[in-house]
Structures are given as structure tokens and as C-alpha cells.
file data.txt (compact mmCIF, C-alpha atoms and all ligand atoms)
# COMPACT_ATOMS: atom_id res chain seq x y z
CA MET A 1376 -13.62 9.01 13.09
CA ILE A 1377 -13.84 6.87 16.25
CA VAL A 1378 -12.38 3.36 15.96
CA THR A 1379 -14.02 0.85 18.31
CA GLY A 1380 -14.08 -2.92 18.78
CA LYS A 1381 -16.86 -3.10 16.17
CA THR A 1382 -15.05 -1.15 13.43
CA ARG A 1383 -14.55 -3.16 10.23
CA VAL A 1384 -11.06 -3.04 8.78
CA CYS A 1385 -10.11 -2.79 5.11
CA GLY A 1386 -6.72 -2.06 3.58
CA VAL A 1387 -4.32 -2.23 0.68
CA ILE A 1388 -1.29 -4.50 0.32
CA GLY A 1389 1.66 -3.83 -1.98
CA ASP A 1390 5.38 -3.05 -2.06
CA PRO A 1391 6.15 -0.15 -2.23
CA ILE A 1392 2.97 1.19 -0.62
CA GLU A 1393 4.00 4.54 0.88
CA HIS A 1394 2.56 6.58 -2.00
CA THR A 1395 -0.85 4.93 -2.19
CA LEU A 1396 -3.89 7.24 -2.23
CA SER A 1397 -6.29 4.45 -1.22
CA PRO A 1398 -6.40 5.19 2.55
CA ILE A 1399 -7.14 8.87 1.86
CA ILE A 1400 -9.89 8.07 -0.64
CA HIS A 1401 -11.57 5.22 1.26
CA ASN A 1402 -11.45 6.79 4.72
CA ALA A 1403 -13.05 9.95 3.29
CA ALA A 1404 -15.75 7.79 1.68
CA PHE A 1405 -16.44 5.82 4.89
CA GLU A 1406 -16.70 9.06 6.83
CA ALA A 1407 -19.01 10.69 4.27
CA LEU A 1408 -21.46 7.79 4.57
CA ASN A 1409 -20.97 7.49 8.35
CA LEU A 1410 -19.84 3.86 8.01
CA ASP A 1411 -17.97 2.20 10.87
CA TYR A 1412 -15.00 1.17 8.71
CA VAL A 1413 -11.33 2.09 8.64
CA PHE A 1414 -8.76 1.65 5.83
CA LEU A 1415 -5.01 1.08 6.31
CA ALA A 1416 -1.98 0.52 4.05
CA PHE A 1417 0.20 -2.56 4.62
CA LYS A 1418 3.64 -2.94 3.08
CA VAL A 1419 3.85 -6.65 2.24
CA LYS A 1420 6.98 -8.18 0.75
CA SER A 1421 6.51 -10.90 -1.90
CA ALA A 1422 7.64 -13.66 0.48
CA TRP A 1423 4.76 -12.73 2.84
CA VAL A 1424 1.84 -12.65 0.40
CA GLU A 1425 0.41 -16.02 1.47
CA ALA A 1426 0.72 -15.09 5.16
CA ALA A 1427 -0.90 -11.70 4.49
CA VAL A 1428 -3.90 -13.25 2.71
CA ASN A 1429 -4.32 -15.88 5.44
CA GLY A 1430 -3.91 -13.08 7.98
CA MET A 1431 -6.95 -11.45 6.40
CA ARG A 1432 -9.00 -14.45 7.54
CA ALA A 1433 -7.27 -14.68 10.94
CA LEU A 1434 -7.82 -10.98 11.71
CA ASN A 1435 -11.26 -10.90 10.08
CA LEU A 1436 -10.39 -8.00 7.74
CA ARG A 1437 -13.40 -7.12 5.58
CA GLY A 1438 -11.57 -6.24 2.39
CA LEU A 1439 -8.24 -5.64 0.74
CA ASN A 1440 -7.06 -3.82 -2.34
CA VAL A 1441 -4.03 -5.44 -3.93
CA THR A 1442 -1.44 -3.47 -5.82
CA MET A 1443 1.96 -4.06 -7.43
CA PRO A 1444 3.57 -6.57 -7.36
CA HIS A 1445 1.00 -8.95 -5.80
CA LYS A 1446 -2.02 -8.83 -8.15
CA SER A 1447 -1.37 -12.31 -9.58
CA ALA A 1448 0.29 -13.93 -6.55
CA VAL A 1449 -2.74 -13.41 -4.25
CA MET A 1450 -4.87 -15.51 -6.61
CA ASN A 1451 -3.24 -18.70 -5.25
CA TYR A 1452 -4.75 -18.15 -1.81
CA LEU A 1453 -8.37 -17.16 -2.56
CA ASP A 1454 -11.52 -19.33 -2.44
CA ARG A 1455 -13.34 -17.90 -5.47
CA ILE A 1456 -12.21 -15.61 -8.30
CA ASP A 1457 -14.50 -13.61 -10.56
CA LEU A 1458 -14.34 -14.77 -14.21
CA SER A 1459 -12.88 -11.53 -15.63
CA ALA A 1460 -10.12 -11.50 -12.94
CA GLN A 1461 -9.37 -15.14 -13.77
CA ILE A 1462 -9.09 -14.37 -17.48
CA VAL A 1463 -6.71 -11.44 -16.99
CA ASN A 1464 -4.86 -13.26 -14.16
CA SER A 1465 -5.00 -10.24 -11.87
CA VAL A 1466 -6.94 -9.49 -8.67
CA ASN A 1467 -7.01 -5.98 -7.18
CA THR A 1468 -9.87 -6.43 -4.70
CA ILE A 1469 -10.53 -9.13 -2.09
CA LEU A 1470 -13.76 -9.50 -0.10
CA ASN A 1471 -13.85 -11.55 3.09
CA LYS A 1472 -17.38 -12.91 3.45
CA GLU A 1473 -17.73 -15.23 6.45
CA ASN A 1474 -14.13 -16.33 6.08
CA LEU A 1475 -14.43 -17.12 2.36
CA LEU A 1476 -12.17 -14.91 0.25
CA PHE A 1477 -13.52 -13.64 -3.09
CA GLY A 1478 -11.23 -12.02 -5.69
CA PHE A 1479 -12.23 -9.33 -8.21
CA ASN A 1480 -10.55 -6.90 -10.58
CA THR A 1481 -12.11 -3.42 -10.69
CA ASP A 1482 -9.58 -1.76 -13.07
CA GLY A 1483 -11.63 -2.62 -16.18
CA ILE A 1484 -14.92 -1.31 -14.80
CA GLY A 1485 -13.08 1.77 -13.48
CA ALA A 1486 -11.80 2.57 -16.98
CA LEU A 1487 -15.18 1.88 -18.59
CA LYS A 1488 -17.06 4.12 -16.13
CA ALA A 1489 -14.47 6.91 -16.53
CA LEU A 1490 -14.97 6.86 -20.31
CA LYS A 1491 -18.78 6.73 -20.05
CA GLU A 1492 -18.90 9.49 -17.41
CA ASN A 1493 -17.05 11.69 -19.92
CA GLY A 1494 -19.50 10.89 -22.71
CA VAL A 1495 -17.23 8.51 -24.65
CA GLU A 1496 -19.34 5.91 -26.46
CA LEU A 1497 -17.72 2.51 -27.13
CA LYS A 1498 -20.25 0.71 -29.29
CA GLY A 1499 -19.10 0.52 -32.91
CA ARG A 1500 -15.74 2.15 -32.03
CA LYS A 1501 -12.11 1.11 -32.46
CA ILE A 1502 -9.82 1.37 -29.44
CA LEU A 1503 -6.04 1.59 -29.46
CA LEU A 1504 -4.63 0.46 -26.12
CA LEU A 1505 -0.99 1.10 -25.22
CA GLY A 1506 0.43 -1.35 -22.66
CA ALA A 1507 -0.03 -4.99 -21.75
CA GLY A 1508 0.76 -4.94 -18.01
CA GLY A 1509 -1.60 -5.63 -15.09
CA ALA A 1510 -3.93 -2.65 -15.54
CA ALA A 1511 -3.87 -2.89 -19.36
CA ARG A 1512 -4.99 -6.55 -19.30
CA ALA A 1513 -8.03 -5.80 -17.14
CA ILE A 1514 -8.92 -2.70 -19.19
CA ALA A 1515 -8.48 -4.58 -22.48
CA TYR A 1516 -10.88 -7.32 -21.44
CA THR A 1517 -13.64 -4.95 -20.27
CA LEU A 1518 -13.34 -2.50 -23.18
CA ALA A 1519 -13.04 -5.22 -25.85
CA LYS A 1520 -16.42 -6.59 -24.74
CA GLU A 1521 -18.06 -3.22 -25.50
CA ALA A 1522 -16.14 -1.89 -28.50
CA ASP A 1523 -16.01 -3.15 -32.08
CA GLU A 1524 -12.26 -3.46 -32.52
CA LEU A 1525 -9.18 -3.36 -30.33
CA ALA A 1526 -5.45 -3.04 -31.03
CA VAL A 1527 -2.87 -3.58 -28.25
CA LEU A 1528 0.63 -2.14 -28.60
CA ASN A 1529 3.37 -2.74 -26.05
CA ARG A 1530 7.11 -2.17 -25.63
CA THR A 1531 7.52 -5.94 -25.18
CA VAL A 1532 5.61 -7.14 -28.24
CA LYS A 1533 5.33 -10.72 -26.92
CA GLN A 1534 3.19 -9.45 -24.04
CA ALA A 1535 0.86 -7.65 -26.47
CA GLU A 1536 0.61 -10.78 -28.63
CA GLY A 1537 -0.19 -12.92 -25.59
CA LEU A 1538 -2.92 -10.51 -24.50
CA ALA A 1539 -4.38 -10.33 -28.02
CA LYS A 1540 -4.54 -14.15 -28.20
CA LEU A 1541 -6.17 -14.37 -24.79
CA LEU A 1542 -8.83 -11.82 -25.76
CA GLU A 1543 -9.50 -13.47 -29.12
CA LYS A 1544 -10.00 -16.80 -27.38
CA SER A 1545 -12.23 -15.53 -24.57
CA LEU A 1546 -14.26 -12.95 -26.52
CA SER A 1547 -14.12 -14.27 -30.12
CA LYS A 1548 -13.05 -10.82 -31.37
CA LYS A 1549 -10.16 -9.91 -33.63
CA VAL A 1550 -7.42 -8.13 -31.65
CA VAL A 1551 -4.33 -6.67 -33.35
CA ALA A 1552 -0.97 -6.66 -31.51
CA GLY A 1553 2.15 -4.58 -32.15
CA SER A 1554 5.00 -2.50 -30.77
CA LEU A 1555 5.15 1.04 -29.38
CA LYS A 1556 7.26 2.27 -32.34
CA PRO A 1557 5.84 5.55 -33.71
CA SER A 1558 5.15 3.82 -37.08
CA ASP A 1559 3.01 1.15 -35.36
CA ILE A 1560 1.21 3.79 -33.31
CA GLN A 1561 0.57 5.88 -36.44
CA ARG A 1562 -0.78 2.92 -38.43
CA ASN A 1563 -3.14 1.80 -35.68
CA LEU A 1564 -4.20 5.26 -34.55
CA GLN A 1565 -5.36 6.54 -37.94
CA ASP A 1566 -8.65 4.58 -37.91
CA SER A 1567 -9.09 4.48 -34.10
CA ASP A 1568 -11.69 6.51 -32.19
CA ILE A 1569 -10.32 6.03 -28.67
CA LEU A 1570 -6.71 5.95 -27.43
CA VAL A 1571 -5.93 4.58 -23.95
CA ASN A 1572 -2.48 4.81 -22.42
CA ALA A 1573 -2.07 2.00 -19.87
CA THR A 1574 1.73 2.05 -19.87
CA SER A 1575 3.51 3.83 -17.05
CA VAL A 1576 5.19 6.23 -19.52
CA GLY A 1577 4.65 9.82 -18.34
CA MET A 1578 4.30 8.88 -14.68
CA SER A 1579 6.10 11.10 -12.17
CA PRO A 1580 9.12 11.60 -11.96
CA ASN A 1581 9.20 11.15 -15.79
CA ALA A 1582 6.34 13.58 -16.33
CA GLU A 1583 7.90 15.13 -19.45
CA GLU A 1584 7.54 11.81 -21.38
CA SER A 1585 4.64 10.67 -23.56
CA PRO A 1586 4.21 7.37 -25.43
CA VAL A 1587 2.64 9.14 -28.44
CA PRO A 1588 4.28 11.74 -30.74
CA PRO A 1589 2.03 14.87 -30.47
CA LYS A 1590 1.66 15.17 -34.27
CA LEU A 1591 -0.29 11.89 -34.37
CA LEU A 1592 -3.06 13.26 -32.13
CA ARG A 1593 -6.19 14.83 -33.65
CA SER A 1594 -9.45 16.42 -32.63
CA ASN A 1595 -11.80 13.52 -33.43
CA LEU A 1596 -10.11 11.27 -30.88
CA ALA A 1597 -10.95 10.52 -27.23
CA VAL A 1598 -7.77 10.04 -25.19
CA MET A 1599 -7.62 8.47 -21.73
CA ASP A 1600 -4.29 8.34 -19.91
CA ILE A 1601 -4.62 6.03 -16.89
CA VAL A 1602 -1.48 7.56 -15.33
CA TYR A 1603 -2.84 9.88 -12.60
CA ASN A 1604 0.37 11.35 -11.19
CA PRO A 1605 0.75 14.03 -12.55
CA VAL A 1606 -2.99 14.76 -12.73
CA GLU A 1607 -2.50 16.12 -16.27
CA THR A 1608 0.12 14.08 -18.12
CA LYS A 1609 2.14 15.20 -21.14
CA LEU A 1610 -0.06 12.97 -23.32
CA ALA A 1611 -3.21 14.62 -21.88
CA GLN A 1612 -1.74 18.09 -22.52
CA ASP A 1613 -0.82 17.18 -26.11
CA ALA A 1614 -4.26 15.64 -26.70
CA LYS A 1615 -5.98 18.76 -25.34
CA ALA A 1616 -3.82 20.96 -27.59
CA ALA A 1617 -4.87 18.83 -30.60
CA GLY A 1618 -8.54 19.41 -29.69
CA ALA A 1619 -9.19 15.80 -28.57
CA LYS A 1620 -11.54 14.85 -25.73
CA VAL A 1621 -9.41 13.99 -22.70
CA VAL A 1622 -10.31 11.58 -19.88
CA SER A 1623 -8.14 11.74 -16.78
CA GLY A 1624 -6.53 8.81 -14.95
CA VAL A 1625 -7.97 10.29 -11.76
CA ASP A 1626 -11.48 9.48 -13.05
CA MET A 1627 -10.48 5.83 -13.52
CA LEU A 1628 -8.78 5.77 -10.10
CA ILE A 1629 -11.98 6.97 -8.45
CA HIS A 1630 -14.25 4.57 -10.30
CA GLN A 1631 -12.08 1.51 -9.68
CA GLY A 1632 -11.89 2.50 -5.99
CA ALA A 1633 -15.66 3.06 -5.91
CA ALA A 1634 -16.25 -0.44 -7.30
CA SER A 1635 -14.08 -1.92 -4.50
CA PHE A 1636 -15.90 0.21 -1.91
CA GLU A 1637 -19.25 -1.10 -3.13
CA ILE A 1638 -18.02 -4.73 -2.98
CA TRP A 1639 -16.98 -4.30 0.68
CA THR A 1640 -19.83 -2.15 2.00
CA GLY A 1641 -22.77 -2.91 -0.29
CA LYS A 1642 -23.36 0.90 -0.48
CA SER A 1643 -23.12 3.29 -3.43
CA ALA A 1644 -19.77 5.05 -3.24
CA PRO A 1645 -19.71 8.85 -2.72
CA ILE A 1646 -17.88 9.48 -6.01
CA GLU A 1647 -17.58 13.26 -5.67
CA VAL A 1648 -16.17 13.06 -2.12
CA MET A 1649 -13.58 10.53 -3.34
CA ARG A 1650 -12.64 12.63 -6.39
CA LYS A 1651 -12.29 15.83 -4.38
CA VAL A 1652 -10.01 14.31 -1.75
CA ALA A 1653 -7.87 12.52 -4.38
CA LEU A 1654 -7.40 15.70 -6.43
CA LYS A 1655 -6.62 17.74 -3.32
CA HIS A 1656 -3.92 15.28 -2.34
CA LEU A 1657 -2.48 14.83 -5.87
CA GLN A 1658 -2.21 18.56 -6.38
CA LYS A 1659 -0.14 18.78 -3.18
CA VAL A 1660 2.38 16.03 -4.08
N1 LIG B 1 -5.89 5.32 -12.96
C1 LIG B 1 -5.92 4.16 -12.32
O1 LIG B 1 -6.90 3.82 -11.65
C2 LIG B 1 -4.78 3.20 -12.45
C3 LIG B 1 -4.94 1.87 -12.07
C4 LIG B 1 -3.85 1.00 -12.21
C5 LIG B 1 -2.65 1.48 -12.71
N2 LIG B 1 -2.54 2.80 -13.04
C6 LIG B 1 -1.28 3.32 -13.61
O2 LIG B 1 -1.07 2.64 -14.83
C7 LIG B 1 0.34 2.46 -15.08
C8 LIG B 1 0.61 0.98 -15.34
O3 LIG B 1 0.30 0.22 -14.18
P1 LIG B 1 0.33 -1.40 -14.17
O4 LIG B 1 -0.13 -1.81 -12.84
O5 LIG B 1 -0.33 -1.96 -15.37
O6 LIG B 1 1.93 -1.65 -14.29
P2 LIG B 1 2.71 -2.88 -14.95
O7 LIG B 1 1.92 -4.14 -14.81
O8 LIG B 1 4.08 -2.81 -14.40
O9 LIG B 1 2.76 -2.53 -16.52
C9 LIG B 1 3.55 -1.48 -16.98
C10 LIG B 1 3.27 -1.27 -18.47
O10 LIG B 1 3.99 -0.10 -18.90
C11 LIG B 1 4.95 -0.47 -19.91
N3 LIG B 1 6.16 0.33 -19.73
C12 LIG B 1 6.82 0.57 -18.57
N4 LIG B 1 7.88 1.37 -18.79
C13 LIG B 1 7.90 1.64 -20.12
C14 LIG B 1 8.75 2.42 -20.96
N5 LIG B 1 9.80 3.10 -20.48
N6 LIG B 1 8.45 2.50 -22.28
C15 LIG B 1 7.38 1.84 -22.78
N7 LIG B 1 6.53 1.07 -22.04
C16 LIG B 1 6.81 0.98 -20.72
C17 LIG B 1 5.19 -1.96 -19.69
O11 LIG B 1 5.70 -2.52 -20.89
P3 LIG B 1 6.56 -3.88 -20.88
O12 LIG B 1 5.57 -5.01 -20.89
O13 LIG B 1 7.38 -3.79 -22.10
O14 LIG B 1 7.38 -3.85 -19.61
C18 LIG B 1 3.76 -2.42 -19.35
O15 LIG B 1 2.96 -2.49 -20.51
C19 LIG B 1 1.03 3.02 -13.83
O16 LIG B 1 1.43 4.34 -14.09
C20 LIG B 1 -0.06 3.01 -12.76
O17 LIG B 1 0.13 4.01 -11.78
C21 LIG B 1 -3.57 3.67 -12.95
call {"tool": "encode", "arguments": {"input": "data.txt", "output": "C-alpha cells", "more": "lines below"}}
Ligand SMILES: NC(=O)c1ccc[n+]([C@@H]2O[C@H](COP(=O)([O-])OP(=O)(O)OC[C@H]3O[C@@H](n4cnc5c(N)ncnc54)[C@H](OP(=O)(O)O)[C@@H]3O)[C@@H](O)[C@H]2O)c1
result
Amino acid sequence: MIVTGKTRVCGVIGDPIEHTLSPIIHNAAFEALNLDYVFLAFKVKSAWVEAAVNGMRALNLRGLNVTMPHKSAVMNYLDRIDLSAQIVNSVNTILNKENLLFGFNTDGIGALKALKENGVELKGRKILLLGAGGAARAIAYTLAKEADELAVLNRTVKQAEGLAKLLEKSLSKKVVAGSLKPSDIQRNLQDSDILVNATSVGMSPNAEESPVPPKLLRSNLAVMDIVYNPVETKLAQDAKAAGAKVVSGVDMLIHQGAASFEIWTGKSAPIEVMRKVALKHLQKV
């Protein structure tokens, strides 16, 4: 890759940022399509979010990904925000188009494409979603539009109730809320077709943990764990052992990244290049 005065710059802001895979994935994608773009990671402390977003205009950066803990804070400094990002109060992608900043959230579409790519049908199905944090909110909104029924369970029940109310209001669909207690999981899982873990339970270094007791898993279930480090979580291993269809968090990671890539470049993302480089890196760490 040769960086010149014409090279367009994209990046990711967050804190911490050292472990992000985004530069690896996006630079491989730019190179594969021979695009004159480069992608960098910027560690931005909360006190500097406004300056960082304004700096995007000043330095004419083409695009930014936004990760923890800035996904809501950046919304104060953008010119336009996509409706679904507004509803879930979370932006993970910013496009700079002639100095106007547009905010999007690609987590929901990333999850939806990962499920569809793995042959999981949503129409007429019931989904049980664990978690009510940033990623869970975006996923809940996108999946609830497609599926018949949704239940949201979270450690902090108030958060799940808030999300359920928000979805009921914006989508006119019944959404059940509850806790992560095994009894609540059991009750909601028995008539569900799809289980999505959007909590951070099971993420490295706590890779031996799972939010779901293995005995509750069964073969006629599709299970997606959005945690991608480790590549195969404890929940994914348990689901596989129960004979369930398993969708990896890496698939969602690639599809949400691909959606950002397409927003910035206007080109179809090289999905397989992105997946290969992400897996290669994750298997090393
Ligand atoms: N595959 C992908 O593309 C992708 C994209 C985004 C995020 N992720 C992964 O998804 C996970 C969540 O990310 P996020 O951005 O949504 O984070 P977040 O906003 O901080 O939300 C964290 C969620 O996990 C729950 N949680 C945390 N620790 C828990 C524990 N010990 N027991 C039970 N619940 C717990 C939180 O519950 P409370 O509300 O009770 O705190 C909340 O629902 C992370 O592992 C992240 O790496 C993957």
C-alpha cells in the first residue's frame, strides 16, 4: 500500500482501542479492491469526543467507526442520523460527505446478514435476545422488524424493560422483557427458534463462561453468539454439542464492517477477504 497526498483516511475511535480488528479488516479490504484508502485506530478519551468528531471535518477524514464508550456521545456532534441509529441511540459508523457528518449503526444489519448467510430464516420465528447494551439494542431493532416475536433478557432488568418499551413503541410489536436467571431463560427459550447472545459473557479472558445452562439448548434451535473472541465461545460449543445450528460472532463482525465499508466507499465489500484476515488474526491472539 502506498499512501499519498490523495489517499482517503478512515479510522475507528474508542477507548480502549488497542485490540480492535478494524484496521486489519478494512486495510485488507481496501487493498483487495485497489482503493486509495487507509484505516487507522485512534484512542480517544471521553473528554475529547467532540474535538475528535470536529477533527474529522477539519482533517477531511472520509469515515469513522465508533466503538465503546462513544457510540451515544458522538451523536451530539453529527449533522444527520439514520432513523434506526436514532431509535437505538447508538452510532457505530460516521460518513463525512462534503463536510456534512452522517451517522449510522451497522450492528443490526451485520447480525441480520450473518443469520441469513447461515440459512436462518426470521419470518414467523421467535427470537430470544440476551443483553440490552449497545450492540443488543441495534440487533433487537433490526431483528424485531423481521421476526414474529422477540424476548429480551438482561442482567439489569430495567435496561431490558426500557428496550422492550422502545421497540413496542417504534415497531408496534409485543416484546417480552426479563432477567438472565436460568428460570427466565428456560421459560423464554422453550418456544423460541433463535437464541442470540449479545451480552459480553464468554468474552476472553472469561472464555469458560456462558450465559445459558447447556441443558437448556436443543437441536431445533439456531444460536448466534455475537462475542467473537474466542472465535468459538463456550455457548457456541454447547450449542454445537446439543445439535443446534451455530452462527459465529465473526460472521456478524464481518458483515457490520462490510456495511461500514460500503457506506464509505460505495463499493461492495470483499467479504471473504475480510473474513479470512479476521480469522487469521483472531486465531493468533
Ligand atoms: N460480532 C460483532 O460484530 C460485535 C459487535 C459489537 C459488539 N460485539 C460484542 O458484543 C458484546 C457486547 O458489546 P456491547 O457493545 O453491546 O457492550 P455493552 O454496551 O457494554 O453491553 C454489555 C451487555 O452485556 C451484559 N453483561 C456484561 N457483563 C455481564 C455479566 N457478567 N453477566 C451478565 N450480563 C453481563 C450487560 O448487562 P447490564 O446491562 O446488566 O450491564 C449488557 O447487556 C461484547 O463482547 C462485544 O465484543 C460483537
call {"tool": "residues_near_ligand", "arguments": {"input": "data.txt", "ligand": "ligand LIG 1 (chain B)", "cutoff": "9 Å", "atoms": "only C-alpha atoms and all ligand atoms", "output": "MDAnalysis selection string"}}
result
chainID A and resid 1442:1444 1446 1481:1482 1485:1486 1505:1513 1528:1535 1555 1572:1579 1586 1600:1604 1623:1632
call {"tool": "residues_around", "arguments": {"input": "data.txt", "residues": "Ala1633 in chain A", "least_positions_apart": "2", "cutoff": "12 Å", "atoms": "only C-alpha atoms", "output": "ChimeraX atom specification"}}
result
/A:1397,1400-1401,1403-1405,1440,1468,1481-1482,1484-1486,1488-1489,1626-1631,1635-1650
call {"tool": "closest_residue", "arguments": {"input": "data.txt", "among": "A:Asn1435, A:Asn1493, A:Ser1459, A:Asn1474", "to": "Tyr1516 in chain A", "atoms": "all atoms listed in the file"}}
result
A:Ser1459
call {"tool": "closest_residue", "arguments": {"input": "data.txt", "among": "A:Gly1499, A:Pro1391, A:Pro1605, A:Pro1580", "to": "Val1441 in chain A", "atoms": "only C-alpha atoms"}}
result
A:Pro1391
call {"tool": "closest_residue", "arguments": {"input": "data.txt", "among": "A:Lys1498, A:Lys1549, A:His1445, A:Arg1383", "to": "Phe1414 in chain A", "atoms": "all atoms listed in the file"}}
result
A:Arg1383
call {"tool": "atom_distance", "arguments": {"input": "data.txt", "atom1": "CA of Thr1395 in chain A", "atom2": "CA of Ala1416 in chain A"}}
result
7.7 Å
call {"tool": "residues_near_point", "arguments": {"input": "data.txt", "point": "(-16.4, 3.6, -27.5)", "cutoff": "9 Å", "atoms": "only C-alpha atoms", "output": "ChimeraX atom specification"}}
result
/A:1490-1491,1495-1502,1518,1521-1523,1568-1569,1597
call {"tool": "atom_distance", "arguments": {"input": "data.txt", "atom1": "CA of Val1527 in chain A", "atom2": "CA of Val1550 in chain A"}}
result
7.3 Å
call {"tool": "residues_around", "arguments": {"input": "data.txt", "residues": "Ile1469 in chain A", "least_positions_apart": "2", "cutoff": "9 Å", "atoms": "all atoms listed in the file", "output": "list in words"}}
result
Arg1437, Gly1438, Leu1439, Asn1440, Val1441, Leu1453, Val1466, Asn1467, Asn1471, Leu1476, Phe1477, Gly1478, Phe1479, Asn1480, Ser1635, Ile1638 and Trp1639 of chain A
call {"tool": "closest_residue", "arguments": {"input": "data.txt", "among": "A:Ser1585, A:Asn1595, A:Ser1547, A:Gln1612", "to": "Leu1564 in chain A", "atoms": "all atoms listed in the file"}}
result
A:Asn1595
call {"tool": "atom_distance", "arguments": {"input": "data.txt", "atom1": "CA of Pro1557 in chain A", "atom2": "CA of Ala1611 in chain A"}}
result
17.4 Å
call {"tool": "closest_residue", "arguments": {"input": "data.txt", "among": "A:Gln1461, A:Gln1561, A:Ser1545, A:Asn1451", "to": "Asn1429 in chain A", "atoms": "all atoms listed in the file"}}
result
A:Asn1451
call {"tool": "decode", "arguments": {"input": "data.txt", "residues": "range 1568-1576 of chain A", "atoms": "all heavy atoms", "output": "JSON list (two decimals), in the first residue's frame"}}
result
[["chain", "number", "residue", "atom", "x", "y", "z"],
["A", 1568, "ASP", "N", -37.16, -19.97, 18.52],
["A", 1568, "ASP", "CA", -36.48, -20.66, 17.41],
["A", 1568, "ASP", "C", -35.03, -20.22, 17.31],
["A", 1568, "ASP", "O", -34.18, -20.95, 16.80],
["A", 1568, "ASP", "CB", -37.17, -20.32, 16.08],
["A", 1568, "ASP", "CG", -38.66, -20.56, 16.15],
["A", 1568, "ASP", "OD1", -39.05, -21.73, 16.15],
["A", 1568, "ASP", "OD2", -39.43, -19.58, 16.25],
["A", 1569, "ILE", "N", -34.77, -18.97, 17.75],
["A", 1569, "ILE", "CA", -33.43, -18.39, 17.56],
["A", 1569, "ILE", "C", -32.98, -17.77, 18.89],
["A", 1569, "ILE", "O", -33.76, -17.04, 19.53],
["A", 1569, "ILE", "CB", -33.47, -17.29, 16.47],
["A", 1569, "ILE", "CG1", -33.96, -17.88, 15.14],
["A", 1569, "ILE", "CG2", -32.10, -16.63, 16.30],
["A", 1569, "ILE", "CD1", -34.40, -16.85, 14.12],
["A", 1570, "LEU", "N", -31.76, -18.08, 19.29],
["A", 1570, "LEU", "CA", -31.18, -17.50, 20.51],
["A", 1570, "LEU", "C", -29.98, -16.65, 20.10],
["A", 1570, "LEU", "O", -29.12, -17.12, 19.36],
["A", 1570, "LEU", "CB", -30.72, -18.62, 21.44],
["A", 1570, "LEU", "CG", -29.84, -18.21, 22.63],
["A", 1570, "LEU", "CD1", -30.63, -17.41, 23.66],
["A", 1570, "LEU", "CD2", -29.22, -19.44, 23.30],
["A", 1571, "VAL", "N", -29.95, -15.39, 20.56],
["A", 1571, "VAL", "CA", -28.81, -14.52, 20.26],
["A", 1571, "VAL", "C", -28.21, -14.04, 21.57],
["A", 1571, "VAL", "O", -28.91, -13.44, 22.39],
["A", 1571, "VAL", "CB", -29.24, -13.29, 19.41],
["A", 1571, "VAL", "CG1", -28.04, -12.38, 19.14],
["A", 1571, "VAL", "CG2", -29.89, -13.73, 18.10],
["A", 1572, "ASN", "N", -26.91, -14.32, 21.76],
["A", 1572, "ASN", "CA", -26.24, -13.75, 22.93],
["A", 1572, "ASN", "C", -25.58, -12.45, 22.53],
["A", 1572, "ASN", "O", -24.63, -12.44, 21.74],
["A", 1572, "ASN", "CB", -25.17, -14.69, 23.50],
["A", 1572, "ASN", "CG", -24.41, -13.99, 24.63],
["A", 1572, "ASN", "OD1", -25.00, -13.28, 25.45],
["A", 1572, "ASN", "ND2", -23.10, -14.16, 24.66],
["A", 1573, "ALA", "N", -26.07, -11.33, 23.08],
["A", 1573, "ALA", "CA", -25.44, -10.02, 22.84],
["A", 1573, "ALA", "C", -24.96, -9.43, 24.16],
["A", 1573, "ALA", "O", -24.80, -8.22, 24.27],
["A", 1573, "ALA", "CB", -26.41, -9.09, 22.13],
["A", 1574, "THR", "N", -24.75, -10.29, 25.16],
["A", 1574, "THR", "CA", -24.05, -9.85, 26.37],
["A", 1574, "THR", "C", -22.56, -10.09, 26.11],
["A", 1574, "THR", "O", -22.19, -10.75, 25.13],
["A", 1574, "THR", "CB", -24.44, -10.63, 27.63],
["A", 1574, "THR", "OG1", -23.87, -11.94, 27.56],
["A", 1574, "THR", "CG2", -25.96, -10.74, 27.80],
["A", 1575, "SER", "N", -21.72, -9.58, 27.01],
["A", 1575, "SER", "CA", -20.29, -9.86, 26.83],
["A", 1575, "SER", "C", -19.85, -11.10, 27.62],
["A", 1575, "SER", "O", -18.65, -11.38, 27.70],
["A", 1575, "SER", "CB", -19.46, -8.63, 27.22],
["A", 1575, "SER", "OG", -19.96, -8.06, 28.39],
["A", 1576, "VAL", "N", -20.82, -11.87, 28.14],
["A", 1576, "VAL", "CA", -20.47, -13.08, 28.89],
["A", 1576, "VAL", "C", -19.84, -14.10, 27.93],
["A", 1576, "VAL", "O", -20.39, -14.38, 26.87],
["A", 1576, "VAL", "CB", -21.73, -13.70, 29.56],
["A", 1576, "VAL", "CG1", -21.37, -14.99, 30.29],
["A", 1576, "VAL", "CG2", -22.37, -12.70, 30.51]]
